[in-house]
file data25.txt (compact mmCIF, C-alpha atoms)
# COMPACT_ATOMS: atom_id res chain seq x y z
CA MET A 1123 -3.10 -25.92 -15.62
CA VAL A 1124 -0.91 -25.44 -12.57
CA PHE A 1125 -0.59 -22.07 -10.85
CA LYS A 1126 2.66 -20.40 -11.93
CA LEU A 1127 4.72 -17.99 -9.83
CA PHE A 1128 7.26 -15.96 -11.82
CA GLY A 1129 9.97 -14.39 -9.68
CA ASN A 1130 13.28 -14.91 -7.99
CA ALA A 1131 14.08 -17.75 -5.59
CA ARG A 1132 15.25 -15.47 -2.77
CA SER A 1133 13.37 -12.27 -3.57
CA ARG A 1134 11.42 -10.99 -0.58
CA PRO A 1135 8.23 -10.19 -2.52
CA THR A 1136 8.37 -13.57 -4.30
CA LEU A 1137 8.62 -15.30 -0.92
CA ARG A 1138 5.64 -13.33 0.41
CA VAL A 1139 3.51 -14.95 -2.31
CA ALA A 1140 5.08 -18.39 -1.86
CA HIS A 1141 4.27 -18.21 1.87
CA ILE A 1142 0.57 -17.65 1.22
CA LEU A 1143 0.50 -20.39 -1.44
CA LYS A 1144 1.80 -22.74 1.26
CA GLU A 1145 -0.72 -21.46 3.85
CA MET A 1146 -3.57 -22.24 1.44
CA GLN A 1147 -1.99 -25.50 0.24
CA VAL A 1148 -2.02 -24.47 -3.40
CA PRO A 1149 0.35 -26.48 -5.59
CA PHE A 1150 2.43 -24.20 -7.78
CA GLU A 1151 5.27 -24.10 -10.24
CA PHE A 1152 8.02 -21.58 -9.58
CA VAL A 1153 9.51 -20.05 -12.74
CA ALA A 1154 12.78 -18.20 -12.20
CA ILE A 1155 13.11 -14.84 -13.92
CA ASP A 1156 16.65 -13.88 -14.92
CA VAL A 1157 16.82 -10.68 -12.89
CA GLN A 1158 20.60 -10.35 -13.33
CA GLY A 1159 20.08 -10.51 -17.08
CA ASN A 1160 17.28 -7.91 -16.89
CA GLU A 1161 14.66 -10.30 -18.19
CA HIS A 1162 12.06 -8.32 -16.21
CA LYS A 1163 12.79 -5.24 -18.33
CA THR A 1164 12.22 -6.89 -21.72
CA ALA A 1165 9.27 -5.94 -23.91
CA GLU A 1166 7.97 -9.50 -23.55
CA TYR A 1167 7.96 -9.29 -19.75
CA LEU A 1168 6.45 -5.81 -19.69
CA LYS A 1169 3.37 -7.22 -21.45
CA LYS A 1170 2.71 -9.24 -18.27
CA GLN A 1171 3.99 -6.77 -15.67
CA PRO A 1172 4.05 -3.22 -17.08
CA PHE A 1173 6.27 -1.85 -14.29
CA GLY A 1174 9.04 -4.37 -14.94
CA GLN A 1175 8.86 -5.82 -11.41
CA ILE A 1176 8.80 -9.31 -9.94
CA PRO A 1177 6.84 -11.37 -9.08
CA TYR A 1178 3.70 -11.96 -11.10
CA ILE A 1179 1.46 -14.98 -11.31
CA ASP A 1180 -0.38 -16.83 -14.05
CA ASP A 1181 -3.34 -18.82 -12.78
CA ASP A 1182 -4.55 -20.72 -15.81
CA GLY A 1183 -4.27 -17.62 -17.97
CA PHE A 1184 -5.26 -15.07 -15.31
CA VAL A 1185 -2.24 -12.80 -14.87
CA LEU A 1186 -1.86 -10.73 -11.71
CA PHE A 1187 0.95 -8.66 -10.16
CA GLU A 1188 1.49 -6.73 -6.88
CA THR A 1189 2.13 -9.27 -4.12
CA ARG A 1190 -0.63 -8.14 -1.80
CA ALA A 1191 -3.25 -8.39 -4.56
CA ILE A 1192 -1.88 -11.84 -5.45
CA CYS A 1193 -1.95 -13.04 -1.83
CA LYS A 1194 -5.51 -11.80 -1.31
CA TYR A 1195 -6.57 -13.54 -4.55
CA ILE A 1196 -5.03 -16.83 -3.38
CA ALA A 1197 -6.60 -16.54 0.08
CA THR A 1198 -9.98 -15.82 -1.56
CA LYS A 1199 -10.02 -18.40 -4.33
CA TRP A 1200 -8.87 -21.26 -2.11
CA ARG A 1201 -10.76 -20.13 0.99
CA GLY A 1202 -11.76 -23.22 2.92
CA GLN A 1203 -8.63 -25.12 1.96
CA GLY A 1204 -6.46 -23.31 4.51
CA PRO A 1205 -6.81 -20.79 7.37
CA ALA A 1206 -9.30 -17.92 6.88
CA LEU A 1207 -6.76 -15.15 6.39
CA PHE A 1208 -9.32 -12.35 6.17
CA PRO A 1209 -12.81 -11.87 7.63
CA ASP A 1210 -16.10 -12.70 5.94
CA PRO A 1211 -16.68 -9.89 3.38
CA SER A 1212 -20.32 -9.62 4.47
CA ASP A 1213 -19.08 -8.36 7.85
CA LEU A 1214 -18.55 -4.69 6.99
CA LYS A 1215 -16.87 -3.64 10.23
CA ALA A 1216 -14.55 -6.64 10.51
CA THR A 1217 -13.57 -6.09 6.87
CA ALA A 1218 -12.90 -2.41 7.57
CA LEU A 1219 -10.65 -3.31 10.51
CA PHE A 1220 -8.84 -5.81 8.29
CA ASP A 1221 -8.36 -3.16 5.56
CA GLN A 1222 -7.09 -0.80 8.25
CA ALA A 1223 -4.53 -3.42 9.32
CA LEU A 1224 -3.44 -3.94 5.69
CA SER A 1225 -2.88 -0.21 5.37
CA ILE A 1226 -0.92 -0.10 8.62
CA GLU A 1227 1.62 -2.47 7.10
CA TYR A 1228 1.83 -0.54 3.85
CA SER A 1229 2.00 2.98 5.33
CA ASN A 1230 3.97 2.42 8.52
CA PHE A 1231 6.24 -0.53 7.93
CA ASP A 1232 6.90 -1.41 4.30
CA ASN A 1233 8.79 1.62 3.01
CA ALA A 1234 11.31 1.80 5.86
CA ALA A 1235 11.66 -1.99 6.04
CA VAL A 1236 12.42 -2.23 2.31
CA ASN A 1237 14.95 0.62 2.47
CA ILE A 1238 16.72 -0.97 5.45
CA ALA A 1239 16.73 -4.37 3.73
CA VAL A 1240 18.25 -2.94 0.55
CA GLU A 1241 21.01 -1.09 2.42
CA LYS A 1242 21.85 -3.57 5.17
CA VAL A 1243 21.47 -6.85 3.33
CA TYR A 1244 20.80 -6.69 -0.38
CA LYS A 1245 23.53 -4.24 -1.42
CA PRO A 1246 26.46 -5.87 0.42
CA LYS A 1247 25.29 -9.43 -0.14
CA TYR A 1248 24.17 -9.38 -3.78
CA LEU A 1249 25.47 -6.18 -5.36
CA ASN A 1250 28.86 -6.02 -3.63
CA LYS A 1251 28.15 -2.39 -2.73
CA PRO A 1252 28.73 -0.71 0.65
CA THR A 1253 25.89 0.00 3.08
CA ASP A 1254 24.94 3.65 3.50
CA GLU A 1255 24.90 3.56 7.30
CA ALA A 1256 23.50 7.09 7.58
CA LEU A 1257 20.52 6.10 5.45
CA VAL A 1258 20.04 2.96 7.55
CA ALA A 1259 20.06 5.01 10.73
CA GLU A 1260 17.50 7.40 9.27
CA GLN A 1261 15.21 4.60 8.14
CA VAL A 1262 15.57 2.68 11.41
CA SER A 1263 14.61 5.84 13.24
CA LYS A 1264 11.57 6.21 10.98
CA LEU A 1265 10.52 2.61 11.62
CA GLU A 1266 11.10 2.82 15.36
CA ALA A 1267 8.79 5.82 15.54
CA LYS A 1268 6.00 3.49 14.41
CA LEU A 1269 6.69 0.62 16.76
CA GLU A 1270 4.94 2.28 19.69
CA GLY A 1271 1.76 2.39 17.63
CA TYR A 1272 2.10 -1.33 16.90
CA GLU A 1273 2.81 -2.05 20.57
CA ALA A 1274 -0.30 -0.13 21.62
CA ILE A 1275 -2.50 -2.08 19.19
CA LEU A 1276 -0.99 -5.46 20.04
CA SER A 1277 -1.30 -4.86 23.77
CA LYS A 1278 -5.07 -4.83 23.32
CA GLN A 1279 -5.53 -7.62 20.78
CA LYS A 1280 -3.64 -10.66 19.58
CA TYR A 1281 -3.19 -9.61 15.94
CA LEU A 1282 -3.38 -6.42 13.90
CA ALA A 1283 -6.96 -6.86 12.73
CA GLY A 1284 -8.31 -8.47 15.91
CA GLU A 1285 -8.12 -11.84 17.59
CA TYR A 1286 -7.32 -13.86 14.46
CA VAL A 1287 -4.25 -13.82 12.25
CA THR A 1288 -4.81 -12.24 8.86
CA LEU A 1289 -2.83 -11.41 5.73
CA ALA A 1290 -2.07 -8.02 7.32
CA ASP A 1291 0.12 -9.71 9.94
CA LEU A 1292 1.75 -12.11 7.49
CA TYR A 1293 2.77 -9.41 4.99
CA HIS A 1294 5.30 -8.08 7.52
CA ILE A 1295 7.29 -11.28 7.61
CA THR A 1296 9.25 -11.36 4.39
CA PHE A 1297 11.06 -8.03 4.91
CA GLY A 1298 10.85 -8.00 8.70
CA PHE A 1299 12.54 -11.38 8.90
CA TYR A 1300 15.23 -10.26 6.50
CA ILE A 1301 16.21 -7.13 8.42
CA VAL A 1302 16.12 -8.82 11.79
CA GLU A 1303 17.76 -12.13 10.87
CA GLU A 1304 20.20 -11.04 8.18
CA GLY A 1305 20.45 -7.35 9.00
CA GLY A 1306 21.09 -8.09 12.66
CA LEU A 1307 18.73 -5.39 13.94
CA MET A 1308 16.67 -6.04 17.08
CA LEU A 1309 13.82 -3.60 16.43
CA PHE A 1310 10.47 -5.26 17.16
CA THR A 1311 12.05 -8.45 18.48
CA ASP A 1312 13.20 -6.50 21.53
CA GLU A 1313 11.06 -8.13 24.23
CA ALA A 1314 12.00 -5.59 26.85
CA LYS A 1315 11.01 -2.61 24.73
CA TYR A 1316 8.10 -4.07 22.72
CA PRO A 1317 6.84 -7.14 24.62
CA ASN A 1318 3.58 -7.47 22.66
CA MET A 1319 5.13 -6.86 19.27
CA ALA A 1320 7.86 -9.40 20.04
CA ARG A 1321 5.19 -11.90 21.10
CA TRP A 1322 3.28 -11.27 17.88
CA TRP A 1323 6.45 -11.54 15.77
CA LYS A 1324 7.45 -14.85 17.33
CA ASP A 1325 3.95 -16.21 16.71
CA ILE A 1326 3.67 -15.32 13.03
CA THR A 1327 7.22 -16.31 12.11
CA SER A 1328 6.82 -19.78 13.61
CA ARG A 1329 4.05 -20.71 11.19
CA PRO A 1330 4.96 -23.92 9.29
CA ALA A 1331 3.98 -22.38 5.93
CA TRP A 1332 6.53 -19.59 6.44
CA LEU A 1333 9.22 -21.96 7.66
CA ALA A 1334 8.73 -23.97 4.47
CA VAL A 1335 9.71 -21.01 2.25
CA LYS A 1336 11.93 -18.78 4.37
CA GLY A 1337 15.14 -20.26 3.02
CA GLY A 1338 14.15 -19.57 -0.57
CA LEU A 1339 12.54 -21.47 -3.41
CA MET B 454 -25.77 11.12 13.51
CA PRO B 455 -23.63 12.19 10.54
CA LEU B 456 -20.31 10.46 10.05
CA LYS B 457 -17.45 12.49 11.53
CA VAL B 458 -14.17 12.89 9.67
CA HIS B 459 -11.30 14.05 11.87
CA GLY B 460 -8.79 15.72 9.59
CA LEU B 461 -8.10 18.81 7.56
CA ALA B 462 -9.75 20.04 4.36
CA GLN B 463 -6.31 20.76 2.82
CA SER B 464 -4.66 17.48 3.82
CA SER B 465 -4.21 15.04 0.92
CA SER B 466 -5.03 11.95 2.97
CA THR B 467 -8.19 13.62 4.32
CA GLN B 468 -9.14 14.63 0.79
CA ARG B 469 -8.96 11.01 -0.34
CA VAL B 470 -11.82 10.30 2.04
CA LEU B 471 -13.78 13.48 1.32
CA VAL B 472 -13.95 12.84 -2.43
CA VAL B 473 -15.46 9.40 -1.79
CA LEU B 474 -18.01 10.81 0.67
CA LYS B 475 -19.02 13.46 -1.86
CA GLU B 476 -19.14 10.98 -4.74
CA LYS B 477 -21.51 8.83 -2.69
CA ASN B 478 -23.49 11.80 -1.35
CA VAL B 479 -22.88 10.73 2.23
CA PRO B 480 -23.61 13.46 4.78
CA TYR B 481 -20.57 14.09 6.97
CA GLU B 482 -19.07 16.55 9.42
CA LEU B 483 -15.40 17.51 9.06
CA VAL B 484 -13.90 17.99 12.51
CA PRO B 485 -10.71 20.02 12.05
CA VAL B 486 -7.67 18.75 13.89
CA ASP B 487 -5.05 21.00 15.46
CA PHE B 488 -2.31 19.35 13.41
CA PHE B 489 0.62 21.63 14.28
CA GLY B 490 -0.51 21.99 17.89
CA GLY B 491 0.25 18.35 18.67
CA GLU B 492 -3.37 17.28 19.15
CA LEU B 493 -2.67 14.01 17.35
CA LYS B 494 -0.05 13.01 19.94
CA SER B 495 -2.48 13.41 22.85
CA PRO B 496 -3.53 10.19 24.63
CA ALA B 497 -7.17 10.78 23.62
CA SER B 498 -6.20 11.05 19.95
CA LEU B 499 -3.75 8.13 20.04
CA ALA B 500 -6.51 5.97 21.46
CA LYS B 501 -8.41 6.56 18.20
CA SER B 502 -5.49 6.78 15.75
CA PRO B 503 -2.48 5.02 17.31
CA PHE B 504 0.05 6.27 14.75
CA GLY B 505 -1.04 9.87 15.31
CA GLN B 506 -2.26 10.28 11.76
CA ILE B 507 -5.21 11.87 10.01
CA PRO B 508 -7.79 11.23 8.85
CA TYR B 509 -9.77 8.97 11.11
CA ILE B 510 -13.52 8.64 11.14
CA ASP B 511 -16.14 8.08 13.80
CA ASP B 512 -19.23 6.48 12.32
CA ASP B 513 -21.66 6.43 15.23
CA GLY B 514 -18.99 5.07 17.55
CA PHE B 515 -17.14 2.92 14.99
CA VAL B 516 -13.66 4.42 14.70
CA LEU B 517 -11.45 3.75 11.68
CA TYR B 518 -8.12 5.21 10.47
CA GLU B 519 -5.99 4.75 7.32
CA SER B 520 -7.53 6.62 4.38
CA LEU B 521 -7.82 3.66 1.98
CA ALA B 522 -9.54 1.51 4.62
CA ILE B 523 -11.96 4.36 5.31
CA CYS B 524 -12.64 4.81 1.59
CA LYS B 525 -13.32 1.08 1.16
CA TYR B 526 -15.69 1.08 4.16
CA ILE B 527 -17.67 4.05 2.80
CA ALA B 528 -17.75 2.59 -0.72
CA ALA B 529 -19.05 -0.75 0.60
CA LYS B 530 -21.56 0.72 3.03
CA TYR B 531 -23.29 3.31 0.86
CA ALA B 532 -25.14 3.15 -2.45
CA GLY B 533 -24.35 5.48 -5.35
CA THR B 534 -21.38 5.30 -7.75
CA PRO B 535 -20.00 1.77 -7.10
CA LEU B 536 -16.26 2.66 -6.81
CA LEU B 537 -15.63 -1.02 -6.00
CA PRO B 538 -15.95 -4.09 -8.23
CA ASP B 539 -18.65 -6.70 -7.68
CA GLN B 540 -17.34 -8.50 -4.57
CA SER B 541 -18.48 -11.91 -5.87
CA ASP B 542 -16.24 -11.55 -8.94
CA VAL B 543 -12.92 -12.91 -7.63
CA LYS B 544 -10.89 -11.81 -10.65
CA ALA B 545 -12.39 -8.31 -10.78
CA VAL B 546 -11.65 -7.89 -7.07
CA ALA B 547 -8.07 -9.08 -7.63
CA LEU B 548 -7.54 -6.59 -10.46
CA PHE B 549 -8.96 -3.83 -8.26
CA GLU B 550 -6.59 -4.76 -5.42
CA GLU B 551 -3.75 -4.79 -7.95
CA ALA B 552 -4.67 -1.24 -9.04
CA CYS B 553 -4.81 -0.04 -5.40
CA SER B 554 -1.38 -1.58 -4.82
CA VAL B 555 -0.01 0.03 -7.99
CA GLU B 556 -0.94 3.43 -6.56
CA GLU B 557 0.66 2.64 -3.21
CA SER B 558 3.95 1.32 -4.56
CA ASN B 559 4.42 3.11 -7.87
CA PHE B 560 2.79 6.50 -7.34
CA HIS B 561 2.32 7.35 -3.69
CA PRO B 562 5.92 7.41 -2.38
CA PHE B 563 7.15 9.69 -5.19
CA ALA B 564 4.08 11.91 -5.47
CA THR B 565 3.97 12.37 -1.71
CA GLY B 566 7.69 13.15 -1.73
CA ILE B 567 7.17 15.87 -4.34
CA VAL B 568 4.19 17.27 -2.42
CA ILE B 569 6.11 17.37 0.86
CA GLU B 570 9.12 19.10 -0.69
CA LYS B 571 7.35 21.60 -2.90
CA TYR B 572 4.15 22.25 -0.95
CA GLY B 573 4.40 20.99 2.63
CA LYS B 574 7.75 22.68 3.26
CA ALA B 575 6.53 25.95 1.75
CA LEU B 576 3.63 25.95 4.25
CA ARG B 577 6.20 25.87 7.06
CA GLY B 578 8.40 28.49 5.41
CA LEU B 579 11.11 25.94 4.55
CA GLU B 580 13.10 25.56 1.34
CA PRO B 581 12.56 22.44 -0.82
CA ASN B 582 15.38 19.98 -1.41
CA ASP B 583 15.59 20.40 -5.18
CA LYS B 584 17.83 17.37 -5.69
CA LEU B 585 15.31 15.16 -3.91
CA VAL B 586 12.47 16.60 -6.00
CA GLU B 587 14.44 15.84 -9.15
CA GLU B 588 14.92 12.25 -7.96
CA TYR B 589 11.22 11.80 -7.19
CA VAL B 590 10.18 13.29 -10.53
CA PHE B 591 12.61 11.02 -12.38
CA LYS B 592 11.32 7.90 -10.62
CA LEU B 593 7.66 8.82 -11.01
CA ASP B 594 8.18 9.58 -14.68
CA GLU B 595 9.50 6.03 -15.16
CA LYS B 596 6.52 4.52 -13.35
CA LEU B 597 4.06 6.43 -15.50
CA ASP B 598 5.16 4.34 -18.48
CA GLY B 599 3.49 1.43 -16.67
CA TYR B 600 0.36 3.53 -16.17
CA GLU B 601 0.32 4.45 -19.88
CA ALA B 602 0.49 0.78 -20.86
CA ILE B 603 -2.47 -0.10 -18.60
CA LEU B 604 -4.58 2.91 -19.55
CA LYS B 605 -3.97 2.26 -23.24
CA ARG B 606 -6.08 -0.89 -23.04
CA GLN B 607 -8.71 0.17 -20.53
CA ARG B 608 -10.42 3.34 -19.39
CA PHE B 609 -9.48 3.21 -15.70
CA LEU B 610 -6.84 1.47 -13.61
CA ALA B 611 -8.97 -1.51 -12.55
CA GLY B 612 -11.03 -1.83 -15.75
CA ASP B 613 -13.69 0.16 -17.50
CA HIS B 614 -15.29 1.70 -14.42
CA VAL B 615 -13.85 4.29 -12.09
CA THR B 616 -12.87 2.88 -8.70
CA LEU B 617 -11.22 3.98 -5.46
CA ALA B 618 -7.90 3.06 -7.06
CA ASP B 619 -8.24 5.94 -9.53
CA LEU B 620 -9.56 8.45 -6.97
CA ALA B 621 -6.65 7.70 -4.62
CA HIS B 622 -4.36 9.61 -7.01
CA LEU B 623 -6.36 12.85 -6.92
CA PRO B 624 -5.02 14.78 -3.92
CA SER B 625 -1.29 14.34 -4.59
CA GLY B 626 -1.79 14.52 -8.35
CA GLN B 627 -3.62 17.82 -7.98
CA ILE B 628 -0.94 19.42 -5.79
CA MET B 629 1.81 18.18 -8.09
CA GLY B 630 0.15 20.00 -10.97
CA ASP B 631 -0.35 23.10 -8.81
CA VAL B 632 3.38 23.27 -7.95
CA GLY B 633 4.40 22.86 -11.59
CA VAL B 634 5.12 19.14 -11.87
CA LYS B 635 2.94 18.39 -14.87
CA LEU B 636 3.70 14.70 -15.38
CA LEU B 637 0.06 13.64 -15.41
CA GLU B 638 -1.01 16.38 -17.79
CA ASP B 639 1.56 15.68 -20.52
CA ALA B 640 -0.77 14.60 -23.35
CA HIS B 641 2.07 14.50 -25.86
CA LYS B 642 4.22 12.08 -23.87
CA ARG B 643 1.43 9.94 -22.42
CA PRO B 644 -1.93 10.50 -24.09
CA ASN B 645 -3.77 7.86 -22.08
CA VAL B 646 -2.48 8.97 -18.68
CA SER B 647 -3.47 12.56 -19.48
CA ARG B 648 -6.90 11.43 -20.73
CA TRP B 649 -7.43 9.47 -17.51
CA TRP B 650 -6.16 12.31 -15.31
CA LYS B 651 -8.38 14.85 -17.05
CA GLU B 652 -11.44 12.62 -16.53
CA ILE B 653 -10.94 11.92 -12.83
CA SER B 654 -9.77 15.40 -11.90
CA SER B 655 -12.88 16.96 -13.46
CA LEU B 656 -15.30 14.88 -11.40
CA PRO B 657 -17.74 17.28 -9.68
CA SER B 658 -17.07 15.55 -6.37
CA TRP B 659 -13.35 16.30 -6.69
CA LEU B 660 -13.94 19.91 -7.71
CA ALA B 661 -16.11 20.27 -4.60
CA VAL B 662 -13.29 18.95 -2.39
CA ILE B 663 -10.86 21.51 -3.88
CA ALA B 664 -13.40 24.31 -3.41
CA ASP B 665 -13.86 23.34 0.24
CA ALA B 666 -10.09 23.26 0.78
CA LYS B 667 -9.72 26.79 -0.63
CA ALA B 668 -12.56 28.07 1.56
CA ALA B 669 -11.18 26.46 4.74
call {"tool": "encode", "arguments": {"input": "data25.txt", "output": "structure tokens"}}
result
Amino acid sequence: MVFKLFGNARSRPTLRVAHILKEMQVPFEFVAIDVQGNEHKTAEYLKKQPFGQIPYIDDDGFVLFETRAICKYIATKWRGQGPALFPDPSDLKATALFDQALSIEYSNFDNAAVNIAVEKVYKPKYLNKPTDEALVAEQVSKLEAKLEGYEAILSKQKYLAGEYVTLADLYHITFGFYIVEEGGLMLFTDEAKYPNMARWWKDITSRPAWLAVKGGL
Amino acid sequence: MPLKVHGLAQSSSTQRVLVVLKEKNVPYELVPVDFFGGELKSPASLAKSPFGQIPYIDDDGFVLYESLAICKYIAAKYAGTPLLPDQSDVKAVALFEEACSVEESNFHPFATGIVIEKYGKALRGLEPNDKLVEEYVFKLDEKLDGYEAILKRQRFLAGDHVTLADLAHLPSGQIMGDVGVKLLEDAHKRPNVSRWWKEISSLPSWLAVIADAKAA
């Protein structure tokens, strides 16, 4: 039975999963959830995803939610069919440095990036609501405070976990791309201010698998 | 050489690591950090923890930061209570990662927000933003419905065995209860969440972490 991805065609988290499916060359069926109609809040949906969020996947009866868990599952199950997006689990230290990089994204980037995306892009574009510019400024400030840390790491190594690209790098793309491309913010693409981060950003966002999904499903 | 943990006995992110070390009976040395004195912004510190955060560990020269990464490293390296699923079981690992992510997205931001407002600010003699606390409590309360649904069908968040995903909730959950936000203890509203919370918060290793924090 084909791998099914339940989500929204332009939702950032849905695209994060679609990106990794493409990286690992896993054929999948996209099933659109009627978010406008609150399908994700129905009792039926909550049986699959108890927090009423999108996306979730169904891999031949195995249901999983939380995009990062889904992406790691895909990269594990189909390992060998695409790039090795995380180190060999028997290498304790390399795995620890990979887990550290995953946490960097979650603790230092995700929250601010999501808040900026919601205010700068999602609200005006899809909800016809005004942007709270003060909130954007606050969140941009929060994110910018972290960029020096990223710059320091990326000045010493090519990617966040070491010399090879991993899921930790790729997880940044879906929201990062949104706030830079559609939100019109320079942030980490500023080559003068963050030369290494800009170099890293250019690299990961030029991957064919990302280009295949960036416009939506 | 015992593993060194650079952090503070009262800091929730440090405590996440300490409870795992105690659960696994791993000898360690807690090296207190001069948090308010700006030690973490020094070049020497930034070289080890580039975002200026605690905790970070030094395991015989191997330096690691980010509490969950540290916890996973300790859980994988040392014997004792597993705290991780069997790594060869792809589905079990996926469900564990899902549980870890649930904590990060559905618990952590709100619990940490409550802790900062009602505990962190008090430490610095500042007044909490009550409206913000109300917002965090409202949002967390909603998320706990998801927790109740999961814990209704299984004992712990990733399955029938306790894992790092459960323990990750302890520090913030504990402080929330201490400052009067009793969402996790409400047995009437969510019997399975309160059952789960009671079980993990009575672990001897966790009680030892709290005792150390009080003594520090």
call {"tool": "residues_around", "arguments": {"input": "data25.txt", "residues": "region 646-660 of chain B", "least_positions_apart": "3", "cutoff": "8 Å", "atoms": "only C-alpha atoms", "output": "list of chain:residue names"}}
result
B:Val472, B:Val473, B:Lys475, B:Glu476, B:Leu597, B:Tyr600, B:Glu601, B:Leu604, B:Arg608, B:Phe609, B:Asp619, B:Leu620, B:Leu623, B:Gln627, B:Leu637, B:Glu638, B:Asp639, B:Ala640, B:Arg643, B:Ile663, B:Ala664
call {"tool": "closest_atom_pairs", "arguments": {"input": "data25.txt", "of": "chain A", "to": "chain B", "cutoff": "6 Å", "atoms": "only C-alpha atoms", "output": "Markdown table"}}
result
| residue | atom | partner | partner_atom | distance |
| --- | --- | --- | --- | --- |
| A:Pro1172 | CA | B:Gly599 | CA | 4.7 |
| A:Phe1173 | CA | B:Gly599 | CA | 4.9 |
| A:Glu1188 | CA | B:Glu551 | CA | 5.7 |
| A:Ala1191 | CA | B:Glu551 | CA | 5.0 |
| A:Tyr1195 | CA | B:Ala547 | CA | 5.6 |
| A:Ala1218 | CA | B:Tyr526 | CA | 5.6 |
| A:Asp1221 | CA | B:Ala522 | CA | 4.9 |
| A:Gln1222 | CA | B:Ala522 | CA | 5.0 |
| A:Gly1271 | CA | B:Pro503 | CA | 5.0 |
call {"tool": "residues_around", "arguments": {"input": "data25.txt", "residues": "Gly1305 (chain A)", "least_positions_apart": "6", "cutoff": "8 Å", "atoms": "only C-alpha atoms", "output": "PDB file with C-alpha atoms, in the coordinates of the input"}}
result
ATOM      1  CA  ALA A1239      16.730  -4.370   3.730  1.00  0.00           C
ATOM      2  CA  LYS A1242      21.850  -3.570   5.170  1.00  0.00           C
ATOM      3  CA  VAL A1243      21.470  -6.850   3.330  1.00  0.00           C
TER       4      VAL A1243
END
call {"tool": "atom_distance", "arguments": {"input": "data25.txt", "atom1": "CA of Gln468 (chain B)", "atom2": "CA of Ala528 (chain B)"}}
result
14.9 Å
call {"tool": "atom_distance", "arguments": {"input": "data25.txt", "atom1": "CA of Glu492 (chain B)", "atom2": "CA of Ser464 (chain B)"}}
result
15.4 Å
call {"tool": "atom_distance", "arguments": {"input": "data25.txt", "atom1": "CA of Ile1142 (chain A)", "atom2": "CA of Cys1193 (chain A)"}}
result
6.1 Å
call {"tool": "closest_residue", "arguments": {"input": "data25.txt", "among": "B:Thr616, B:Ser625, B:Thr565, B:Asn478", "to": "Asp539 (chain B)", "atoms": "only C-alpha atoms"}}
result
B:Thr616
